[in-house]
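Working notes for the structure below.
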Amino acid sequence: MTTTIMTITENKKKFSITKLLIEGRAFLALILIIIVFSMLSPNYLTTGNVLIMASHVAIYAILGMGMLLVVLNGGIDLSVGSTLGFSAVIAGFLMQGVPLTIFGVVLYPSVPVVVIISCGVGAAIGFVNGFLISRFNVAPFVATLGMLYVVRGFALLMTNGLTINKLSGDSELGNTGFAWLGFNRIFNIPIGVLIMGIIAIVLGLILSRSVFGRWLYASGGNERAAELSGVPVRGVKIWVYVVSGICASIAGLILASTLTSASPTAGNTYELTAIAAVVIGGASLMGGRGSVKGTLLGAFVIGFLSDGLVIVGVSAYWQMVFIGAVIVIAVLLNSLQYGRRRRPAKAKSATATPSTTPPATSSQNLPTPVGKD
Amino acid sequence: MTGGLDEVVLEARDIVKQYGGTHALKGVNFEIRAGTVTTLFGENGAGKSTLMKILSGVEQPTSGDIVLDGEPVVFTSTTDARDRGISIIHQELSLAPNLSVRDNIFMGREIRGPFGVDYAEETRQTRVLLEEMQFRIEPETLVSDLRVGQQQIIEIARALSVNSRILIMDEPTSALAAAEVEILFTIIHDLTARGVAIVYISHHLEEALEVTDHAVVLRDGAMTAKDERANIDLEWIVRNMVGENFDLGSPPSGYEFGETVLSVQGLRVLDRENAERVVVNDLDLSVRAGEIVCLYGLMGAGRTELLEAIAGREPVESGTIELDGRPLARESIAERIALGVGLVPEDRQRDGLVQTFDVGSNLTLASLRDSVVKGLISPRVEKSRSEHLIRTVTVKTPGPELPIGSLSGGNQQKVVIGKVVATEPRVMLLDEPSRGIDIGAKAEVFNLLADRAREGLAVVYSTSEVGECLSIAHRIIVLRRGQISAEFGPDATKEMIMAASGEAVAA
């Protein structure tokens with residue numbers, strides 16, 4: 001047995017550089033982006049600019065972390081961009097005052113109430129997604145694609161397609177403070193970035209240390225086995241969509257506050273950016289693999305890359321090409337990392353006695369094209 | 001096809017295969033003769049599958065030669081090997097269920113006509129092929145409409161359609177009913193009569209003995225014995241496979257059974273796919289604490305459905321299930337686990353293990369709450385719990401952080417059992433616990449169950465190998481078409497059990 005363990009460590013040593021490149025790819029990409037753009041523009045790596053970029057990243061990262069939970073479950077949530085827009089519109093609508101014609105009064109809810117109601121709407125949209133998917137076995141892609149249209153439609157209906165511009169509230173009505181989310185800073189850090197940090201810590205802890213997190217990884221890895229082990233797979237499934245919806249609402253509120261306007265078309269195609277962040281962060285779209293850390297890095301890669309391209313004056317069309325290329329490369333690396341593990345039965349039959357298996361398998365788990373033994 | 005029978009067509013000379021620093025094969029020598037069946041015996045991990053992969057071009061040997069018709073050859077791929085007349089039929093079938101029999105047989109080498117694929121010609125050739133095998137099925141039938149046994153025959157037909165001279169069959173009977181095994185054997189006889197050489201791998205030793213002409217035994221990557229059928233018997237194989245005498249144990253004794261733990265009355269379960277079919281029909285069963293009950297029956301006798309209905313996976317049409325006198329009706333799987341029902345499912349890859357998890361996380365998955373300290377999973381508690389479980393169920397692994405896929409079948413099965421043991425069940429239901437695991441691991445699994453029973457666990461396990469009924473079970477219940485057809489004590493004979501199951505009629 002000791003020889004076996006030695007072989008394992010040997011193998012680890014041997015492949016450590018390739019392994020580092022594969023596993024730390026998002027981090028390395030981020031470093032590379034920062035180096036390249038700071039050489040191209042002196043303004044890139046200034047505290048001011050980094051904080052501005054970070055607040056852009058926060059929107060993608062918050063959406064991405066919600067998306068991560070769904071992807072870990074083996075699903076996908078295409079409705080987050082629409083949910084973002086819808087909750088921004090809801091917030092704008094509430095800030096304008098709610099006329100109650102029966103009583104002849106106009107209700108001006110305070111900002112915390114507005115935030116809670118908006119998040120509640122996001123949670124409700126997520127619940128509908130989760131309910132359709134877990135109870136009626138609707139494919140996640142289809143269910144959330146439907147919600148993408150429905151929710152966006154409601155957002156447009158509520159404002160007749162117009163943007164709500166007056167979000168500042170009125171001190172006489174006691175509903176000021178909405179701008180706080182988008183403009184204020186604590187210790188010079190934008191509130192949006194802080195919220196991103198808090199969500200990252202909470203979700204990171206949930207995923208790595210809570211029973212729910214383990215349930216989520218288990219049902220994403222093998223739903224049937226998880227169910228037979230007593231994991232409430234349907235409940236887990238509903239919850240991940242609810243959390244994703246809430247994250248989308250939070251992102252919507254931050255965005256509306258930053259722009260001081262609630263546009264019904266806000267967040268259009270953001271669901272794709274969120275998926276990209278999750279994928280660049282190394283999560284497997286088959287479910288069961290991925291981390292908050294990775295998704296955060298993925299969001300930073302996208303945000304820092306696109307802002308960098310803007311700063312050096314690359315046209316918006318080229319930006320799309322670059323970001324697309326990054327996504328494709330990320331997916332390529334993902335399939336190198338996970339592709340060989342997808343059929344565990346094969347790996348099993350290829351191996352020898354139990355004590356001799358680990359080295360064989362560990363070499364198999366490595367991507368073939370780069371492994372060189 | 002080729003010249004005379006009994007001529008050596010394929011020869012393995014000093015085949016060595018290394019994975020990293022490990023020798024999966026340490027210099028294997030043997031030959032395959034035209035018109036004969038050569039069976040490879042060996043426990044899981046003895047190197048059978050590796051050897052087959054080398055012979056069929058999936059992998060290349062580290063050193064040594066493959067000699068085809070007297071010429072050393074190097075297969076660059078499976079297609080290469082197939083073009084030279086070597087086909088392999090894998091444990092897991094590789095048919096496309098959404099296509100017809102004809103389309104599967106001609107997959108990848110469709111016959112072209114003036115307007116795309118010449119379906120008429122393909123259909124005609126398929127029909128001829130199937131008739132040669134005396135297998136009556138329409139070429140247009142969808143593969144998904146066929147039973148597993150029939151699908152296997154289609155796989156063989158596909159291999160024959162490319163004029164294979166050497167056919168490698170990896171565990172071809174593992175999913176077949178007794179009657180289907182008979183059909184397969186008839187086909188094997190026809191093939192050998194036509195000069196095809198067959199390499200056969202199976203865990204069912206008795207079955208393999210029935211069909212083989214030559215036997216090659218592997219142990220730990222080395223060939224331990226090789227002989228002709230006339231000179232060998234079951235005992236010879238087992239001795240060379242494990243290197244020592246063994247048996248699967250006897251019913252644990254020296255203690256009194258406790259109260260009735262599990263009681264099933266008038267249970268009726270319908271087929272999920274076909275509501276007309278009753279899979280468990282008005283069945284009564286009761287098991288006491290410390291008792292081990294074996295459920296024997298053919299495929300489709302209702303064993304899996306009975307166990308899954310008790311575990312809450314399968315909906316119950318009518319009847320009652322009681323655990324310690326408490327009726328179970330609408331309880332979920334999770335609630336039943338909490339009450340003390342533990343199921344070790346039949347297909348451990350599909351239903352038992354989370355492949356993305358390491359050994360430790362798989363072991364603790366069903367009893368996760370025991371690792372929670374102050375609302376969060378404590379890595380320290382979890383590690384010590386999984387290490388404890390590894391010792392309890394004797395999993396051979398360097399540690400809990402190894403990927404589950406790196407373990408052998410037997411050790412994976414022990415992990416599934418360990419996961420259930422961790423929930424502290426009152427009754428443990430095991431669906432074919434010995435499926436696809438080697439004979440040494442089998443004995444260890446049964447030993448484990450006997451020890452648990454001594455501590456008061458009620459155990460119900462199902463099997464389709466008669467030899468396994470006559471091991472640790474205090475009581476053997478034979479199922480036939482969803483009903484109990486006979487009940488025996490440990491002194492029953494194989495013949496009695498097989499007759500009660502309807503096997504004798506089928507054979």
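Chain labels follow the order of the structure tokens: the first chain is A, the next B, and so on; residue numbering restarts at 1 in every chain, and ligands are counted from 1 in their shown order.
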Handout entry: 10 Å contact set for Thr273 in chain A, only C-alpha atoms, chain neighbours under 6 positions out, as a list in words
Key = Tyr60, Ala61, Leu63, Gly64, Gly81, Gly267, Val279, Gly298, Ala299, Ile302, Gly303, Ile323 and Ile327 of chain A
Each chain B residue no farther than 7 Å from chain A, nearest pair in Å, only C-alpha atoms, as CSV:
residue,atom,partner,partner_atom,distance
B:Tyr19,CA,A:Ala360,CA,4.9
B:Gly20,CA,A:Ala360,CA,5.9
B:Gly21,CA,A:Thr7,CA,6.5
B:Thr22,CA,A:Thr356,CA,6.1
B:Ala24,CA,A:Ala352,CA,5.3
B:Gly45,CA,A:Ala352,CA,3.9
B:Ala46,CA,A:Ala352,CA,6.0
B:Gly47,CA,A:Ala352,CA,5.8
B:Ser49,CA,A:Ser349,CA,5.9
B:Thr50,CA,A:Ala350,CA,5.5
B:Asp220,CA,A:Thr353,CA,6.7
B:Ile333,CA,A:Gly230,CA,5.7
B:Ala334,CA,A:Gly230,CA,3.8
B:Ile337,CA,A:Gly230,CA,6.6
B:Arg350,CA,A:Ala225,CA,6.7
B:Asp351,CA,A:Ala225,CA,4.1
B:Gly352,CA,A:Ala225,CA,4.8
B:Leu353,CA,A:Ala225,CA,5.7
B:Val354,CA,A:Asn222,CA,5.1
B:Gln355,CA,A:Gly221,CA,6.5
B:Thr356,CA,A:Gly221,CA,5.5
B:Leu365,CA,A:Ser229,CA,6.6
B:Ala366,CA,A:Ser229,CA,4.6
B:Leu368,CA,A:Val211,CA,6.8
B:Leu376,CA,A:Ser210,CA,4.9
B:Ile377,CA,A:Arg209,CA,5.0
B:Lys396,CA,A:Pro354,CA,6.6
B:Thr397,CA,A:Ser355,CA,6.9
B:Gly405,CA,A:Pro344,CA,5.5
B:Ser406,CA,A:Pro358,CA,5.6
B:Leu407,CA,A:Pro354,CA,5.6
B:Ser408,CA,A:Pro354,CA,5.4
Exercise for the section: Find the spatial neighbours of range 464-474 of chain B, counting only C-alpha atoms, within a cut-off of 7 Å - ignore same-chain residues fewer than 2 positions away - and output them as an MDAnalysis selection string. Expected result: chainID B and resid 248:252 291:294 296:298 446 450 476 489:490 494
Take the residues just selected and output them with C-alpha atoms as a PDB file, in the first residue's frame.
ATOM      1  CA  LEU B 248     -19.409 -17.925   0.711  1.00  0.00           C
ATOM      2  CA  GLY B 249     -20.107 -18.700   4.345  1.00  0.00           C
ATOM      3  CA  SER B 250     -22.923 -20.348   6.236  1.00  0.00           C
ATOM      4  CA  PRO B 251     -25.926 -18.920   8.085  1.00  0.00           C
ATOM      5  CA  PRO B 252     -24.776 -17.208  11.279  1.00  0.00           C
ATOM      6  CA  GLU B 291     -32.587 -13.120  10.259  1.00  0.00           C
ATOM      7  CA  ILE B 292     -31.099 -13.326   6.759  1.00  0.00           C
ATOM      8  CA  VAL B 293     -33.534 -13.971   3.929  1.00  0.00           C
ATOM      9  CA  CYS B 294     -32.497 -14.701   0.359  1.00  0.00           C
ATOM     10  CA  TYR B 296     -34.157 -16.020  -5.519  1.00  0.00           C
ATOM     11  CA  GLY B 297     -35.805 -15.645  -8.892  1.00  0.00           C
ATOM     12  CA  LEU B 298     -35.251 -15.147 -12.581  1.00  0.00           C
ATOM     13  CA  PHE B 446     -21.600 -11.963   2.723  1.00  0.00           C
ATOM     14  CA  ALA B 450     -23.626 -12.212   8.566  1.00  0.00           C
ATOM     15  CA  ILE B 476     -34.612 -18.910   0.908  1.00  0.00           C
ATOM     16  CA  GLY B 489     -34.315 -23.621   4.767  1.00  0.00           C
ATOM     17  CA  PRO B 490     -30.531 -23.571   4.366  1.00  0.00           C
ATOM     18  CA  LYS B 494     -29.769 -26.172  -5.958  1.00  0.00           C
TER      19      LYS B 494
END
Exercise for the section: Pick out the closest residue to Gly312 in chain B from this set: B:Arg326, B:Arg124, B:Arg435, B:Arg336. Count only C-alpha atoms. Expected result: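 Counting only C-alpha atoms, the residue closest to Gly312 in chain B is B:Arg336.
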Exercise for the section: Identify all residues of range 108-203 of chain B in strand (DSSP E or B) (DSSP on the backbone) and supply them as a list in words. Expected result: Arg112, Gly113, Gly116, Val117, Leu142, Ile166, Leu167, Ile168, Met169, Asp170, Ala197, Ile198, Val199, Tyr200 and Ile201 of chain B
Take the residues that were just selected and, keeping N, CA and C atoms, output them as a short mmCIF file (atom, residue, chain, number, x, y, z; two decimals), in the first residue's frame.
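Wrote selection.cif, looks like this:
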data_model
loop_
_atom_site.label_atom_id
_atom_site.label_comp_id
_atom_site.auth_asym_id
_atom_site.auth_seq_id
_atom_site.Cartn_x
_atom_site.Cartn_y
_atom_site.Cartn_z
N ARG B 112 -24.70 2.34 -49.86
CA ARG B 112 -25.17 3.48 -50.63
C ARG B 112 -25.87 3.03 -51.91
N GLY B 113 -26.99 3.67 -52.18
CA GLY B 113 -27.71 3.42 -53.43
C GLY B 113 -27.70 4.71 -54.22
N GLY B 116 -29.25 8.00 -51.84
CA GLY B 116 -28.93 7.88 -50.43
C GLY B 116 -28.73 6.42 -50.05
N VAL B 117 -29.20 6.09 -48.83
CA VAL B 117 -28.98 4.73 -48.33
C VAL B 117 -29.91 3.74 -49.02
N LEU B 142 -37.54 -1.50 -33.74
CA LEU B 142 -36.68 -0.58 -32.99
C LEU B 142 -35.93 -1.36 -31.91
N ILE B 166 -12.81 -13.46 -35.09
CA ILE B 166 -12.57 -13.57 -33.65
C ILE B 166 -13.56 -12.65 -32.95
N LEU B 167 -14.32 -13.21 -32.04
CA LEU B 167 -15.37 -12.45 -31.37
C LEU B 167 -15.06 -12.48 -29.88
N ILE B 168 -14.90 -11.30 -29.29
CA ILE B 168 -14.62 -11.23 -27.86
C ILE B 168 -15.91 -10.85 -27.16
N MET B 169 -16.33 -11.66 -26.19
CA MET B 169 -17.57 -11.35 -25.46
C MET B 169 -17.23 -11.10 -24.01
N ASP B 170 -17.47 -9.87 -23.57
CA ASP B 170 -17.17 -9.47 -22.20
C ASP B 170 -18.44 -9.53 -21.38
N ALA B 197 -13.59 -17.97 -33.88
CA ALA B 197 -12.97 -18.16 -32.56
C ALA B 197 -13.63 -17.21 -31.58
N ILE B 198 -13.93 -17.71 -30.40
CA ILE B 198 -14.62 -16.86 -29.43
C ILE B 198 -13.80 -16.75 -28.16
N VAL B 199 -13.66 -15.52 -27.69
CA VAL B 199 -13.03 -15.29 -26.39
C VAL B 199 -14.15 -14.86 -25.45
N TYR B 200 -14.29 -15.58 -24.36
CA TYR B 200 -15.45 -15.41 -23.51
C TYR B 200 -14.98 -15.01 -22.10
N ILE B 201 -15.65 -14.02 -21.56
CA ILE B 201 -15.32 -13.60 -20.19
C ILE B 201 -16.60 -13.61 -19.38
#
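Within 10 Å of Asp80 in chain B, once only C-alpha atoms are used and residues closer than 6 positions along the same chain are dropped, the contacting residues are Ser56, Gly57, Val58, Val74 and Ile86 of chain B.
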How would the residues just chosen look if you wrote them out with C-alpha atoms as a PDB file, in the first residue's frame?
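Saved as selection-v8.pdb:
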ATOM      1  CA  SER B  56      -9.362  -5.444 -29.623  1.00  0.00           C
ATOM      2  CA  GLY B  57      -7.131  -2.441 -30.295  1.00  0.00           C
ATOM      3  CA  VAL B  58      -8.503  -0.098 -27.614  1.00  0.00           C
ATOM      4  CA  VAL B  74      -0.133  -3.645 -34.062  1.00  0.00           C
ATOM      5  CA  ILE B  86     -11.619  -8.992 -34.435  1.00  0.00           C
TER       6      ILE B  86
END
Handout entry: Contacts of Tyr119 in chain B within 12 Å, only C-alpha atoms, excl. fewer than 3 positions in-chain, as a PyMOL selection string
Key = chain B and resi 100+102-103+105-106+110-116+122-126+139-140
Grab the residues selected above and save them as a JSON list (two decimals), in the first residue's frame with C-alpha atoms.
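After the write, out_9.json holds the following:
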[["chain", "number", "residue", "atom", "x", "y", "z"],
["B", 100, "SER", "CA", -33.98, -0.05, -35.95],
["B", 102, "ARG", "CA", -31.16, -2.90, -39.52],
["B", 103, "ASP", "CA", -29.82, 0.61, -38.97],
["B", 105, "ILE", "CA", -26.25, -3.44, -37.90],
["B", 106, "PHE", "CA", -25.20, -1.16, -40.75],
["B", 110, "GLU", "CA", -24.40, 2.10, -44.70],
["B", 111, "ILE", "CA", -24.89, 0.65, -48.15],
["B", 112, "ARG", "CA", -25.17, 3.48, -50.63],
["B", 113, "GLY", "CA", -27.71, 3.42, -53.43],
["B", 114, "PRO", "CA", -28.46, 5.94, -56.14],
["B", 115, "PHE", "CA", -30.73, 7.88, -53.76],
["B", 116, "GLY", "CA", -28.93, 7.88, -50.43],
["B", 122, "GLU", "CA", -29.77, -3.47, -46.01],
["B", 123, "THR", "CA", -33.06, -4.98, -44.94],
["B", 124, "ARG", "CA", -32.49, -8.01, -47.14],
["B", 125, "GLN", "CA", -28.98, -8.59, -45.80],
["B", 126, "THR", "CA", -30.14, -8.12, -42.21],
["B", 139, "PRO", "CA", -35.14, -5.82, -39.41],
["B", 140, "GLU", "CA", -37.28, -2.71, -38.96]]
Exercise for the section: Report the distance between CA of Thr260 in chain B and CA of Ala289 in chain B in Å, rounded to one decimal place. Expected result: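 CA of Ala289 in chain B lies at a distance of 6.2 Å from CA of Thr260 in chain B.
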Problem - Spatial neighbours of Arg13 in chain B, max dist 10 Å, only C-alpha atoms, sep filter under 6 positions, as number ranges by chain - result: B: 27-31, 63-67, 72
Write the selection just made, keeping N, CA and C atoms, as a compact mmCIF listing (two decimals), in the first residue's frame?
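Written out: part.txt:
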# COMPACT_ATOMS: atom_id res chain seq x y z
N GLY B 27 3.19 -10.09 -18.50
CA GLY B 27 3.68 -11.15 -19.37
C GLY B 27 2.69 -12.28 -19.56
N VAL B 28 1.62 -12.01 -20.32
CA VAL B 28 0.58 -13.02 -20.52
C VAL B 28 0.79 -13.70 -21.88
N ASN B 29 0.69 -15.02 -21.88
CA ASN B 29 0.84 -15.81 -23.09
C ASN B 29 -0.37 -16.70 -23.28
N PHE B 30 -1.01 -16.65 -24.42
CA PHE B 30 -2.00 -17.69 -24.72
C PHE B 30 -2.40 -17.59 -26.18
N GLU B 31 -3.08 -18.60 -26.67
CA GLU B 31 -3.48 -18.58 -28.07
C GLU B 31 -4.97 -18.85 -28.20
N SER B 63 4.71 -3.84 -23.68
CA SER B 63 5.64 -4.67 -24.45
C SER B 63 4.95 -5.99 -24.77
N GLY B 64 5.55 -6.79 -25.65
CA GLY B 64 4.94 -8.05 -26.05
C GLY B 64 4.27 -7.91 -27.41
N ASP B 65 3.91 -9.04 -27.99
CA ASP B 65 3.37 -9.05 -29.35
C ASP B 65 2.00 -9.69 -29.43
N ILE B 66 1.22 -9.17 -30.35
CA ILE B 66 -0.01 -9.85 -30.73
C ILE B 66 0.27 -10.46 -32.11
N VAL B 67 0.03 -11.73 -32.22
CA VAL B 67 0.34 -12.41 -33.47
C VAL B 67 -0.96 -12.88 -34.11
N PRO B 72 3.12 -10.87 -36.55
CA PRO B 72 2.93 -9.89 -35.45
C PRO B 72 2.21 -8.65 -35.99
Problem - Residues of range 262-352 of chain B in helix (DSSP H, G or I), written as a count of residues only - result: 21
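Of note, CA of Thr173 in chain B and CA of Arg313 in chain B are spaced 26.9 Å apart.
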Exercise for the section: Do a neighbour search on range 114-125 of chain A at 7 Å with only C-alpha atoms, toss out local chain neighbours closer than 3 positions, and write the hits as JSON, numbers by chain. Expected result: {"A": [83, 87, 90, 91, 94, 109, 110, 111, 128, 129, 242, 243, 245, 246, 248, 249, 250]}
Practice task
Tell me, in Å to one decimal, how far CA of Thr101 in chain A is from CA of Leu84 in chain A.
Solution key: 28.8 Å
Problem - Proximity to Leu32 in chain A - best of A:Tyr317, A:Phe86, A:Phe304, A:Phe183, only C-alpha atoms - result: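 Nearest to Leu32 in chain A: A:Phe304.
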